[in-house]
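What's in query30.csv: CSV, C-alpha atoms and all ligand atoms
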```
chain,number,residue,atom,x,y,z
R,82,MET,CA,67.0,14.7,13.9
R,83,ARG,CA,69.4,12.0,12.7
R,84,ILE,CA,68.0,8.5,12.9
R,85,LYS,CA,69.4,5.1,12.0
R,86,ASP,CA,68.0,3.1,9.1
R,87,PHE,CA,64.9,1.1,10.0
R,88,LYS,CA,66.4,-2.3,9.3
R,89,LEU,CA,63.1,-4.3,9.2
R,90,GLU,CA,61.2,-1.8,7.1
R,91,GLU,CA,64.2,-1.6,4.6
R,92,TYR,CA,64.3,-5.3,4.3
R,93,PHE,CA,60.6,-5.4,3.5
R,94,ALA,CA,60.9,-2.5,1.1
R,95,LYS,CA,63.6,-4.5,-0.8
R,96,HIS,CA,61.9,-7.9,-0.8
R,97,GLU,CA,58.2,-7.8,0.1
R,98,PHE,CA,56.8,-7.0,-3.3
R,99,ASN,CA,59.3,-9.2,-5.3
R,100,VAL,CA,58.7,-12.5,-3.6
R,101,GLU,CA,56.1,-15.1,-4.2
R,102,TYR,CA,55.4,-15.7,-0.5
R,103,SER,CA,55.9,-13.4,2.5
R,104,LEU,CA,56.1,-15.8,5.4
R,105,CYS,CA,57.0,-13.1,7.9
R,106,SER,CA,54.3,-10.4,7.5
R,107,SER,CA,52.8,-9.3,10.8
R,108,ASP,CA,49.5,-8.0,9.4
R,109,CYS,CA,46.5,-10.3,9.0
R,110,GLU,CA,45.1,-11.1,5.6
R,111,SER,CA,43.7,-7.9,4.1
R,112,PHE,CA,40.4,-7.1,2.2
R,113,ASN,CA,39.7,-5.4,-1.0
R,114,VAL,CA,37.4,-2.4,-1.1
R,115,ASN,CA,34.5,-4.4,-2.4
R,116,GLU,CA,34.7,-6.9,0.6
R,117,LEU,CA,34.6,-4.0,3.0
R,118,LEU,CA,31.7,-2.3,1.2
R,119,THR,CA,29.6,-5.5,1.4
R,120,LEU,CA,29.8,-5.4,5.2
R,121,GLU,CA,27.0,-2.8,5.3
R,122,LYS,CA,24.2,-2.0,2.9
R,123,ASP,CA,24.2,1.6,1.6
R,124,SER,CA,28.0,1.7,2.1
R,125,LEU,CA,28.7,2.3,-1.6
R,126,GLU,CA,26.3,5.2,-1.7
R,127,ASN,CA,27.8,6.6,1.5
R,128,LEU,CA,31.3,6.2,0.0
R,129,LYS,CA,30.3,8.3,-3.0
R,130,LYS,CA,29.3,11.1,-0.6
R,131,VAL,CA,32.7,11.3,1.2
R,132,TRP,CA,33.9,14.9,1.1
R,133,LEU,CA,37.6,15.1,0.0
R,134,GLY,CA,38.6,18.3,1.8
R,135,TYR,CA,40.8,18.5,4.8
R,136,THR,CA,39.5,16.5,7.7
R,137,GLU,CA,39.4,17.2,11.5
R,138,SER,CA,43.0,17.1,12.8
R,139,LEU,CA,42.1,14.8,15.8
R,140,GLY,CA,40.3,12.4,13.5
R,141,ASN,CA,36.7,12.0,12.3
R,142,PRO,CA,34.5,12.2,15.4
R,143,ILE,CA,32.6,9.1,14.4
R,144,LEU,CA,35.9,7.2,14.0
R,145,ARG,CA,37.1,8.5,17.4
R,146,LYS,CA,33.9,7.2,18.9
R,147,GLU,CA,34.3,3.8,17.3
R,148,ILE,CA,37.9,3.6,18.5
R,149,SER,CA,36.9,4.6,22.1
R,150,LYS,CA,34.6,1.5,22.1
R,151,LEU,CA,37.7,-0.7,22.0
R,152,TYR,CA,38.5,0.4,25.5
R,153,SER,CA,36.5,0.1,28.7
R,154,ASP,CA,36.8,3.7,30.0
R,155,ILE,CA,37.9,5.9,27.2
R,156,ASN,CA,36.0,8.9,26.0
R,157,PRO,CA,36.2,9.7,22.2
R,158,LYS,CA,37.9,13.0,23.2
R,159,GLU,CA,40.8,11.0,24.6
R,160,VAL,CA,41.5,9.5,21.2
R,161,ILE,CA,43.6,11.0,18.5
R,162,VAL,CA,43.9,9.4,15.0
R,163,PHE,CA,47.1,9.2,13.0
R,164,SER,CA,48.6,7.9,9.8
R,165,GLY,CA,49.4,4.4,11.2
R,166,ALA,CA,50.8,3.4,14.5
R,167,GLU,CA,54.2,4.6,13.2
R,168,GLU,CA,53.2,8.3,13.2
R,169,ALA,CA,51.6,7.8,16.7
R,170,ILE,CA,54.9,6.4,18.0
R,171,PHE,CA,57.0,9.1,16.3
R,172,ILE,CA,55.0,11.9,17.7
R,173,CYS,CA,54.5,10.5,21.2
R,174,MET,CA,58.2,9.9,21.7
R,175,ASN,CA,59.0,13.4,20.4
R,176,VAL,CA,56.6,15.0,22.7
R,177,LEU,CA,57.3,12.9,25.7
R,178,LEU,CA,61.1,12.6,25.7
R,179,LYS,CA,64.1,15.0,25.7
R,180,LYS,CA,67.8,14.5,25.6
R,181,ASP,CA,69.3,12.5,28.5
R,182,ASP,CA,65.9,11.1,29.6
R,183,HIS,CA,66.0,7.4,30.4
R,184,ILE,CA,63.6,4.9,29.0
R,185,ILE,CA,63.3,1.1,29.4
R,186,VAL,CA,62.2,-0.8,26.4
R,187,GLN,CA,61.1,-4.4,26.2
R,188,TYR,CA,63.5,-6.1,23.7
R,189,PRO,CA,63.7,-7.4,21.0
R,190,ALA,CA,61.4,-4.6,19.6
R,191,TYR,CA,59.9,-3.0,16.6
R,192,GLN,CA,62.7,-0.6,15.9
R,193,SER,CA,60.9,2.7,16.2
R,194,LEU,CA,60.0,1.8,19.8
R,195,TYR,CA,63.6,2.6,20.8
R,196,GLU,CA,65.3,4.2,17.8
R,197,ILE,CA,63.4,7.5,18.0
R,198,ALA,CA,64.4,7.8,21.7
R,199,ASN,CA,68.0,7.1,20.7
R,200,ALA,CA,67.8,9.8,18.0
R,201,ILE,CA,66.5,12.3,20.6
R,202,GLY,CA,69.5,11.5,22.8
R,203,CYS,CA,67.8,9.4,25.5
R,204,LYS,CA,69.6,6.7,27.4
R,205,VAL,CA,67.8,3.5,26.4
R,206,THR,CA,67.9,0.4,28.6
R,207,LYS,CA,66.9,-2.8,26.8
R,208,TRP,CA,64.7,-5.1,28.8
R,209,VAL,CA,65.8,-8.2,27.1
R,210,MET,CA,63.6,-11.3,26.7
R,211,GLU,CA,65.1,-14.7,25.9
R,212,ASP,CA,63.6,-17.9,24.6
R,213,GLU,CA,65.5,-19.9,27.3
R,214,ASN,CA,63.0,-18.2,29.7
R,215,HIS,CA,60.1,-18.8,27.3
R,216,TRP,CA,60.3,-15.0,26.5
R,217,GLU,CA,59.1,-14.3,30.1
R,218,LEU,CA,59.9,-10.8,31.3
R,219,ASP,CA,62.2,-10.3,34.3
R,220,LEU,CA,60.4,-7.9,36.7
R,221,GLN,CA,63.4,-7.7,39.0
R,222,PHE,CA,65.4,-6.3,36.1
R,223,LEU,CA,62.7,-3.7,35.5
R,224,GLU,CA,62.6,-2.7,39.1
R,225,THR,CA,66.4,-2.4,39.6
R,226,ASN,CA,66.8,-0.4,36.4
R,227,ILE,CA,64.3,2.4,37.2
R,228,THR,CA,66.2,5.5,38.1
R,229,GLN,CA,65.4,9.2,38.9
R,230,THR,CA,65.6,10.0,35.2
R,231,THR,CA,63.4,7.2,33.9
R,232,LYS,CA,60.7,8.8,32.0
R,233,CYS,CA,59.0,6.0,30.3
R,234,ILE,CA,58.6,2.2,30.0
R,235,VAL,CA,57.8,0.9,26.6
R,236,VAL,CA,56.0,-2.4,26.2
R,237,ASN,CA,54.3,-4.2,23.3
R,238,PHE,CA,51.8,-6.9,24.2
R,239,PRO,CA,51.0,-9.1,22.2
R,240,HIS,CA,54.6,-8.8,21.3
R,241,ASN,CA,56.4,-8.3,18.0
R,242,PRO,CA,58.2,-10.6,17.2
R,243,THR,CA,57.8,-13.3,19.8
R,244,GLY,CA,54.0,-13.4,20.2
R,245,TYR,CA,54.6,-13.2,24.0
R,246,LEU,CA,51.6,-12.1,26.1
R,247,PRO,CA,52.2,-11.8,29.8
R,248,GLU,CA,50.0,-13.2,32.5
R,249,LYS,CA,47.6,-10.5,33.9
R,250,GLU,CA,49.5,-10.5,37.2
R,251,ILE,CA,52.8,-9.7,35.5
R,252,TYR,CA,51.2,-6.9,33.5
R,253,GLU,CA,49.6,-5.5,36.7
R,254,LYS,CA,53.0,-5.5,38.3
R,255,ILE,CA,54.5,-3.5,35.4
R,256,ILE,CA,51.6,-1.0,35.7
R,257,ASN,CA,52.1,-0.7,39.4
R,258,LEU,CA,55.8,-0.1,39.1
R,259,ALA,CA,55.2,2.6,36.6
R,260,LYS,CA,52.5,4.2,38.9
R,261,ARG,CA,54.7,4.0,42.0
R,262,ASN,CA,57.5,5.8,40.1
R,263,ASN,CA,55.3,8.3,38.1
R,264,ILE,CA,56.7,6.9,34.9
R,265,TYR,CA,54.8,6.9,31.6
R,266,LEU,CA,53.8,3.6,30.2
R,267,LEU,CA,53.9,3.6,26.4
R,268,SER,CA,51.9,0.5,25.5
R,269,ASP,CA,52.0,-0.6,21.9
R,270,GLU,CA,48.9,-2.7,21.6
R,271,VAL,CA,48.7,-3.1,17.8
R,272,TYR,CA,48.2,-6.9,18.0
R,273,LYS,CA,45.5,-6.6,20.6
R,274,PHE,CA,42.3,-8.7,19.9
R,275,LEU,CA,44.4,-11.5,18.4
R,276,GLU,CA,44.5,-13.4,21.7
R,277,TYR,CA,43.8,-17.1,21.0
R,278,ASN,CA,42.0,-17.3,24.2
R,279,GLU,CA,40.0,-14.2,24.8
R,280,ALA,CA,40.3,-14.7,28.6
R,281,ASN,CA,44.0,-13.8,28.3
R,282,ARG,CA,43.3,-10.4,26.8
R,283,LEU,CA,45.0,-7.6,28.8
R,284,PRO,CA,43.3,-4.4,29.7
R,285,SER,CA,44.7,-1.4,27.9
R,286,ALA,CA,47.2,0.8,29.6
R,287,CYS,CA,45.1,3.9,29.0
R,288,ASP,CA,42.2,2.4,30.9
R,289,LEU,CA,44.4,1.6,33.9
R,290,TYR,CA,46.7,4.5,34.4
R,291,ASP,CA,46.6,8.3,33.7
R,292,ARG,CA,50.1,8.1,32.4
R,293,GLY,CA,49.3,5.1,30.3
R,294,ILE,CA,49.4,5.7,26.5
R,295,SER,CA,47.8,3.0,24.3
R,296,ILE,CA,48.7,2.8,20.7
R,297,GLY,CA,46.4,0.9,18.3
R,298,VAL,CA,46.1,0.5,14.5
R,299,MET,CA,43.9,-0.9,11.8
R,300,SER,CA,46.9,-2.6,10.2
R,301,LYS,CA,47.5,-5.8,12.2
R,302,SER,CA,44.5,-7.4,13.9
R,303,PHE,CA,42.1,-5.9,11.4
R,304,GLY,CA,44.3,-6.6,8.4
R,305,LEU,CA,43.9,-3.1,6.9
R,306,ALA,CA,47.4,-1.7,6.8
R,307,GLY,CA,46.8,0.1,3.5
R,308,LEU,CA,44.4,2.5,5.3
R,309,ARG,CA,47.2,3.9,7.3
R,310,ILE,CA,45.0,4.5,10.3
R,311,GLY,CA,46.4,4.3,13.8
R,312,TRP,CA,45.7,6.1,17.1
R,313,ILE,CA,46.6,7.0,20.6
R,314,ALA,CA,44.3,6.7,23.5
R,315,THR,CA,45.3,8.4,26.8
R,316,LYS,CA,43.6,10.1,29.7
R,317,ASN,CA,46.6,12.4,30.1
R,318,LYS,CA,45.3,15.8,29.0
R,319,ALA,CA,48.6,17.6,29.0
R,320,LEU,CA,50.3,15.0,26.8
R,321,PHE,CA,47.2,14.8,24.6
R,322,GLU,CA,47.4,18.5,23.9
R,323,LYS,CA,51.1,18.4,23.0
R,324,ILE,CA,50.6,15.4,20.8
R,325,SER,CA,47.8,17.0,18.9
R,326,SER,CA,49.8,20.2,18.4
R,327,PHE,CA,52.8,18.2,17.0
R,328,LYS,CA,50.6,16.6,14.4
R,329,ASN,CA,50.4,19.9,12.6
R,330,TYR,CA,54.0,19.3,11.6
R,331,THR,CA,53.5,15.8,10.3
R,332,THR,CA,50.3,14.9,8.5
R,333,ILE,CA,47.9,17.6,9.9
R,334,CYS,CA,44.9,15.4,9.4
R,335,ASN,CA,44.0,11.9,8.1
R,336,SER,CA,42.8,10.7,4.7
R,337,ALA,CA,39.0,11.1,4.5
R,338,LEU,CA,38.7,7.8,2.5
R,339,SER,CA,40.7,5.9,5.0
R,340,GLU,CA,38.6,7.2,7.9
R,341,PHE,CA,35.5,6.1,6.1
R,342,PHE,CA,36.8,2.5,5.7
R,343,ALA,CA,38.1,2.4,9.2
R,344,ILE,CA,34.7,3.4,10.6
R,345,LEU,CA,33.1,0.7,8.5
R,346,ALA,CA,35.6,-1.9,9.6
R,347,LEU,CA,35.4,-1.0,13.3
R,348,ARG,CA,31.6,-1.1,13.2
R,349,ASN,CA,31.9,-4.7,11.9
R,350,ARG,CA,34.9,-5.6,13.9
R,351,SER,CA,33.8,-8.9,15.3
R,352,LYS,CA,33.3,-10.3,11.8
R,353,ILE,CA,36.7,-9.2,10.8
R,354,LEU,CA,38.5,-10.3,13.9
R,355,ASN,CA,36.7,-13.7,13.8
R,356,ARG,CA,37.8,-14.3,10.2
R,357,ASN,CA,41.4,-13.3,11.1
R,358,LEU,CA,41.5,-15.5,14.2
R,359,GLU,CA,40.2,-18.4,12.2
R,360,ILE,CA,43.0,-18.0,9.7
R,361,ILE,CA,45.6,-17.8,12.5
R,362,ASN,CA,44.2,-20.9,14.3
R,363,ASN,CA,44.3,-23.0,11.2
R,364,ASN,CA,47.8,-21.8,10.4
R,365,LEU,CA,49.0,-22.4,13.9
R,366,ASN,CA,47.9,-26.0,13.8
R,367,LEU,CA,50.0,-26.5,10.7
R,368,LEU,CA,53.0,-24.7,12.3
R,369,ASP,CA,52.7,-26.9,15.4
R,370,GLU,CA,52.9,-30.0,13.3
R,371,PHE,CA,55.7,-28.6,11.2
R,372,PHE,CA,57.9,-27.5,14.2
R,373,ASN,CA,57.2,-30.8,15.9
R,374,LYS,CA,58.4,-32.7,12.8
R,375,TYR,CA,61.5,-30.5,12.5
R,376,SER,CA,62.2,-30.2,16.3
R,377,ASN,CA,65.9,-31.0,15.6
R,378,PHE,CA,66.1,-28.0,13.4
R,379,PHE,CA,64.1,-25.3,15.2
R,380,LYS,CA,63.1,-24.3,18.7
R,381,TRP,CA,59.4,-23.3,18.6
R,382,ILE,CA,57.7,-21.5,21.3
R,383,LYS,CA,54.0,-21.3,20.5
R,384,PRO,CA,52.7,-17.8,21.0
R,385,LYS,CA,49.6,-17.0,23.1
R,386,ALA,CA,48.5,-14.2,20.8
R,387,GLY,CA,49.2,-12.3,17.6
R,388,SER,CA,50.2,-13.3,14.0
R,389,ILE,CA,53.9,-13.7,14.4
R,390,ALA,CA,56.5,-15.9,16.3
R,391,PHE,CA,60.3,-16.0,16.6
R,392,PRO,CA,61.7,-19.5,16.3
R,393,ARG,CA,65.3,-20.2,16.8
R,394,LEU,CA,67.6,-22.2,14.4
R,395,LEU,CA,69.1,-25.0,16.3
R,396,VAL,CA,71.5,-25.9,13.5
R,397,ASN,CA,74.8,-24.0,13.4
R,398,GLU,CA,73.9,-21.6,10.7
R,399,SER,CA,73.4,-17.9,10.5
R,400,ALA,CA,69.7,-17.0,10.4
R,401,GLU,CA,70.5,-14.3,7.8
R,402,VAL,CA,72.1,-16.8,5.5
R,403,PHE,CA,69.3,-19.3,6.0
R,404,CYS,CA,66.6,-16.7,5.1
R,405,LEU,CA,68.6,-15.5,2.1
R,406,ASN,CA,69.0,-19.0,0.8
R,407,LEU,CA,65.3,-19.7,1.2
R,408,LEU,CA,64.5,-16.5,-0.6
R,409,LYS,CA,66.8,-17.3,-3.5
R,410,LYS,CA,65.7,-20.9,-3.9
R,411,LYS,CA,62.0,-20.7,-3.1
R,412,SER,CA,61.0,-17.1,-3.2
R,413,VAL,CA,59.7,-17.3,0.4
R,414,LEU,CA,60.5,-14.4,2.7
R,415,LEU,CA,61.4,-14.9,6.4
R,416,MET,CA,62.7,-12.1,8.6
R,417,PRO,CA,66.2,-12.8,10.2
R,418,SER,CA,66.8,-11.6,13.8
R,419,THR,CA,69.7,-9.4,12.5
R,420,ASN,CA,67.0,-7.0,11.4
R,421,TYR,CA,66.1,-6.7,15.1
R,422,ASP,CA,69.7,-6.4,16.2
R,423,TYR,CA,69.0,-9.6,18.1
R,424,GLY,CA,71.8,-12.0,17.2
R,425,ASP,CA,71.8,-14.2,14.2
R,426,ARG,CA,69.9,-17.3,15.3
R,427,HIS,CA,66.2,-16.4,15.2
R,428,PHE,CA,63.8,-15.5,12.5
R,429,ARG,CA,60.3,-14.1,12.4
R,430,ILE,CA,57.5,-16.1,10.9
R,431,GLY,CA,54.1,-14.7,10.2
R,432,PHE,CA,50.9,-16.7,10.1
R,433,GLY,CA,48.0,-14.2,9.5
R,434,ARG,CA,47.8,-14.8,5.8
R,435,LYS,CA,45.6,-17.3,3.9
R,436,ASN,CA,48.5,-18.5,1.8
R,437,MET,CA,50.7,-19.5,4.7
R,438,PRO,CA,50.1,-23.3,4.1
R,439,GLU,CA,51.6,-23.0,0.6
R,440,ALA,CA,54.5,-20.9,1.9
R,441,LEU,CA,55.2,-23.4,4.7
R,442,GLN,CA,55.2,-26.2,2.1
R,443,LYS,CA,57.9,-24.3,0.2
R,444,LEU,CA,59.9,-24.0,3.4
R,445,GLU,CA,59.6,-27.7,4.0
R,446,ASP,CA,60.7,-28.5,0.4
R,447,PHE,CA,63.7,-26.2,1.0
R,448,LEU,CA,64.6,-28.1,4.2
R,449,LYS,CA,64.4,-31.5,2.4
R,450,GLU,CA,66.8,-30.3,-0.2
R,451,LEU,CA,69.4,-29.2,2.3
R,501,LIG,C1,54.8,-3.4,17.4
R,501,LIG,C2,54.5,-2.5,16.2
R,501,LIG,N1,54.2,-1.2,16.4
R,501,LIG,C3,53.9,-0.4,15.4
R,501,LIG,C4,53.9,-0.8,14.1
R,501,LIG,C5,53.6,0.1,13.0
R,501,LIG,O1,52.4,-0.1,12.5
R,501,LIG,P1,51.9,0.6,11.1
R,501,LIG,O2,52.7,0.1,10.0
R,501,LIG,O3,50.5,0.2,10.9
R,501,LIG,O4,52.0,2.1,11.3
R,501,LIG,C6,54.3,-2.2,13.8
R,501,LIG,C7,54.3,-2.7,12.4
R,501,LIG,O5,54.9,-3.7,12.1
R,501,LIG,C8,54.5,-3.0,14.9
R,501,LIG,O6,54.8,-4.3,14.7
```
The structure given in the file should be rewritten as structure tokens.
Amino acid sequence: MRIKDFKLEEYFAKHEFNVEYSLCSSDCESFNVNELLTLEKDSLENLKKVWLGYTESLGNPILRKEISKLYSDINPKEVIVFSGAEEAIFICMNVLLKKDDHIIVQYPAYQSLYEIANAIGCKVTKWVMEDENHWELDLQFLETNITQTTKCIVVNFPHNPTGYLPEKEIYEKIINLAKRNNIYLLSDEVYKFLEYNEANRLPSACDLYDRGISIGVMSKSFGLAGLRIGWIATKNKALFEKISSFKNYTTICNSALSEFFAILALRNRSKILNRNLEIINNNLNLLDEFFNKYSNFFKWIKPKAGSIAFPRLLVNESAEVFCLNLLKKKSVLLMPSTNYDYGDRHFRIGFGRKNMPEALQKLEDFLKEL
């Protein structure tokens, strides 16, 4: 398989660990090992007993059970654990799609959600969102672009990079369109549980549709990216079998230590999620003030969920140049929209980290010096 460079990940690889502030990370503030261990008594003793042989390929049964509790009607046997959401997406697309299949992908998007399909030789239709429409999805577009060869619709709610979360009625219409046309719905739900108002949380695709495939991960809402634990939940047995068989060619099984910590974190998930949502809420208040103050400079659409947003530069400058200058002068990293192949006017800003207020202050200092 020949696949294009992953622009966003290459940009992170180049800069993330050399800057003072990452102001575009999508994962929430992480934890150290000790913080996780203090979530439960006896956890250090239990950690010492973790066996470091190969683990069960589908995932530790206790972990699969904890993951299944995140859904309303998913059995642990309908969950398979991977090394991050990235492996889940890679395998799912490879199993589901073949050359000349057609897929429709919500866009802009995390690159693997369409690039793997491109590399397989699929025809990819981008279902483009625009800030002029408040990032709202055009259902008419979806309906008119479904053809005989459409195999899959790919969505990502809450959305990377805009923070868009559809109203429940819109989501239901997407599911119904997929159902009516027998199309798979690949639903990247890695920012689920970061809805600012819990009432807006969407049901998972795997709970609603037998061709619904829900992808989740410990990295984003739970802030545990270093565990590299992600998963797929689906009721589709045939697909599940193919996915599990493909895994023998990628990672075979998961890290025993990561599975241990993922179980611990999921058993204590409300503490972790509440802490992360508190950080996000505080940061969002600051961002609201900031973008209000600089409304001549930026267009700000406040998200409804997640830890990232995608403001537009209103001044006549390339987002890439703007971000590079900020990086050079203040050692603050923003993500220009060129890394999403989405023009050169937007940038991704992240607000799941505790040090966001300091990074924002640096951005303001930079603006004052322009
Ligand atoms: C929408 C989306 N899906 C999948 C991933 C991959 O997640 P992970 O790095 O945890 O595998 C990301 C990471 O940024 C993402 O934003």
> Neighbours of Arg282 (chain R) within 8 Å (only C-alpha atoms; same-chain residues fewer than 5 positions away dropped), as a VMD selection string?
Replying inline: chain R and resid 273 to 274 276
Taking all atoms listed in the file into account, produce a table as a Markdown table in which each residue of chain R with an atom at most 9 Å from an atom of ligand LIG 501 (chain R) appears once, together with its shortest atom pair and the distance in Å to one decimal, ordered by chain and rising number.
```
| residue | atom | partner | partner_atom | distance |
| --- | --- | --- | --- | --- |
| R:Leu89 | CA | R:LIG501 | O5 | 8.7 |
| R:Glu90 | CA | R:LIG501 | O5 | 8.3 |
| R:Ser106 | CA | R:LIG501 | O5 | 8.1 |
| R:Ser107 | CA | R:LIG501 | O5 | 6.1 |
| R:Asp108 | CA | R:LIG501 | O5 | 7.4 |
| R:Phe163 | CA | R:LIG501 | O4 | 8.8 |
| R:Ser164 | CA | R:LIG501 | O4 | 6.9 |
| R:Gly165 | CA | R:LIG501 | O4 | 3.5 |
| R:Ala166 | CA | R:LIG501 | O4 | 3.7 |
| R:Glu167 | CA | R:LIG501 | O4 | 3.8 |
| R:Glu168 | CA | R:LIG501 | O4 | 6.6 |
| R:Ala169 | CA | R:LIG501 | O4 | 7.9 |
| R:Ile170 | CA | R:LIG501 | C3 | 7.3 |
| R:Ala190 | CA | R:LIG501 | C1 | 7.1 |
| R:Tyr191 | CA | R:LIG501 | C1 | 5.2 |
| R:Gln192 | CA | R:LIG501 | C2 | 8.4 |
| R:Ser193 | CA | R:LIG501 | C3 | 7.7 |
| R:Leu194 | CA | R:LIG501 | N1 | 7.4 |
| R:Val236 | CA | R:LIG501 | C1 | 8.9 |
| R:Asn237 | CA | R:LIG501 | C1 | 6.0 |
| R:Phe238 | CA | R:LIG501 | C1 | 8.2 |
| R:Pro239 | CA | R:LIG501 | C1 | 8.4 |
| R:His240 | CA | R:LIG501 | C1 | 6.7 |
| R:Asn241 | CA | R:LIG501 | C1 | 5.2 |
| R:Pro242 | CA | R:LIG501 | O6 | 7.6 |
| R:Asp269 | CA | R:LIG501 | N1 | 6.0 |
| R:Glu270 | CA | R:LIG501 | C1 | 7.3 |
| R:Val271 | CA | R:LIG501 | N1 | 6.0 |
| R:Tyr272 | CA | R:LIG501 | C1 | 7.5 |
| R:Ile296 | CA | R:LIG501 | N1 | 8.0 |
| R:Gly297 | CA | R:LIG501 | C3 | 8.1 |
| R:Val298 | CA | R:LIG501 | O3 | 5.7 |
| R:Met299 | CA | R:LIG501 | O3 | 6.8 |
| R:Ser300 | CA | R:LIG501 | O3 | 4.6 |
| R:Lys301 | CA | R:LIG501 | O3 | 6.8 |
| R:Leu305 | CA | R:LIG501 | O3 | 8.4 |
| R:Ala306 | CA | R:LIG501 | O3 | 5.5 |
| R:Gly307 | CA | R:LIG501 | O3 | 8.3 |
| R:Leu308 | CA | R:LIG501 | O3 | 8.6 |
| R:Arg309 | CA | R:LIG501 | O3 | 6.1 |
| R:Ile310 | CA | R:LIG501 | O3 | 7.0 |
| R:Gly311 | CA | R:LIG501 | O3 | 6.5 |
```
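Coordinates place CA of Asn362 (chain R) at a distance of 24.7 Å from CA of Tyr152 (chain R).
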> Which protein, DNA or RNA residues are at most 10 Å from (39.2, -1.5, 23.9) in the file's coordinates when you count all atoms listed in the file, listed as a PyMOL selection string?
Replying inline: chain R and resi 147-155+273-274+283-285+287-288+295+297+314
> Pick from R:Lys204, R:Lys380, R:Lys88, R:His96: nearest to Leu415 (chain R), with all atoms listed in the file counted?
Replying inline: R:His96
>> With all atoms listed in the file as the counted atoms, please give the residues lying no more than 10 Å from Phe321 (chain R), apart from itself and same-chain residues fewer than 4 positions off, as a ChimeraX atom specification.
In response: /R:158-161,173,176,294,313-317,325-326
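For the choices R:His183, R:Leu177, R:Leu408, R:Asn377, the atom-to-atom distance to Asn99 (chain R) is smallest for R:Leu408 when using all atoms listed in the file.
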> Taking (54.1, 3.4, 32.0) in the file's coordinates as the center, which residues reach within 6 Å of it, counting only C-alpha atoms, put as a ChimeraX atom specification?
Replying inline: /R:233-234,259,264-267,293
Got a sec: who's within 12 Å of region 186-189 of chain R, counting only C-alpha atoms, leaving out chain neighbours fewer than 5 positions off, as a compact mmCIF listing (two decimals) with C-alpha atoms, in the coordinates of the input?
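Heads up, here's the output in selection31.txt:
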```txt
# COMPACT_ATOMS: atom_id res chain seq x y z
CA LEU R 194 60.00 1.80 19.80
CA TYR R 195 63.60 2.60 20.80
CA GLU R 196 65.30 4.20 17.80
CA ILE R 197 63.40 7.50 18.00
CA ALA R 198 64.40 7.80 21.70
CA ASN R 199 68.00 7.10 20.70
CA CYS R 203 67.80 9.40 25.50
CA LYS R 204 69.60 6.70 27.40
CA VAL R 205 67.80 3.50 26.40
CA THR R 206 67.90 0.40 28.60
CA LYS R 207 66.90 -2.80 26.80
CA TRP R 208 64.70 -5.10 28.80
CA VAL R 209 65.80 -8.20 27.10
CA MET R 210 63.60 -11.30 26.70
CA GLU R 211 65.10 -14.70 25.90
CA ASP R 212 63.60 -17.90 24.60
CA TRP R 216 60.30 -15.00 26.50
CA GLU R 217 59.10 -14.30 30.10
CA LEU R 218 59.90 -10.80 31.30
CA ASP R 219 62.20 -10.30 34.30
CA LEU R 220 60.40 -7.90 36.70
CA PHE R 222 65.40 -6.30 36.10
CA LEU R 223 62.70 -3.70 35.50
CA ASN R 226 66.80 -0.40 36.40
CA ILE R 227 64.30 2.40 37.20
CA THR R 231 63.40 7.20 33.90
CA LYS R 232 60.70 8.80 32.00
CA CYS R 233 59.00 6.00 30.30
CA ILE R 234 58.60 2.20 30.00
CA VAL R 235 57.80 0.90 26.60
CA VAL R 236 56.00 -2.40 26.20
CA ASN R 237 54.30 -4.20 23.30
CA PHE R 238 51.80 -6.90 24.20
CA PRO R 239 51.00 -9.10 22.20
CA HIS R 240 54.60 -8.80 21.30
CA ASN R 241 56.40 -8.30 18.00
CA PRO R 242 58.20 -10.60 17.20
CA THR R 243 57.80 -13.30 19.80
CA GLY R 244 54.00 -13.40 20.20
CA TYR R 245 54.60 -13.20 24.00
CA ILE R 255 54.50 -3.50 35.40
CA TYR R 265 54.80 6.90 31.60
CA LEU R 266 53.80 3.60 30.20
CA LEU R 267 53.90 3.60 26.40
CA SER R 268 51.90 0.50 25.50
CA ASP R 269 52.00 -0.60 21.90
CA PHE R 391 60.30 -16.00 16.60
CA SER R 418 66.80 -11.60 13.80
CA THR R 419 69.70 -9.40 12.50
CA ASN R 420 67.00 -7.00 11.40
CA TYR R 421 66.10 -6.70 15.10
CA ASP R 422 69.70 -6.40 16.20
CA TYR R 423 69.00 -9.60 18.10
CA GLY R 424 71.80 -12.00 17.20
CA HIS R 427 66.20 -16.40 15.20
CA PHE R 428 63.80 -15.50 12.50
CA ARG R 429 60.30 -14.10 12.40
```
>> Need to verify the contact set: region 124-139 of chain R, 6 Å, all atoms listed in the file, exclusion of same-chain residues closer than 6 positions in sequence. Can you return it as an NGL selection string?
In response: :R and (118 or 161-162 or 333-334)
Could you write out that same residue set with C-alpha atoms as a CSV table (one decimal), keeping the file's coordinate frame?
```csv
chain,number,residue,atom,x,y,z
R,118,LEU,CA,31.7,-2.3,1.2
R,161,ILE,CA,43.6,11.0,18.5
R,162,VAL,CA,43.9,9.4,15.0
R,333,ILE,CA,47.9,17.6,9.9
R,334,CYS,CA,44.9,15.4,9.4
```
> Between CA of Ser399 (chain R) and CA of Phe378 (chain R), what is the distance, to one decimal in Å?
Replying inline: 12.8 Å
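Across R:Ile172, R:Ala343, R:Ile251, R:Leu289, the tightest approach to Glu322 (chain R) is made by R:Ile172 when counting only C-alpha atoms.
Between CA of Arg356 (chain R) and CA of Pro438 (chain R) there is a distance of 16.4 Å.
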> Near Ala440 (chain R), counting all atoms listed in the file, which residues have an atom at most 8 Å away, once you skip same-chain residues fewer than 3 positions from it, shown as a count of residues only?
Replying inline: 8
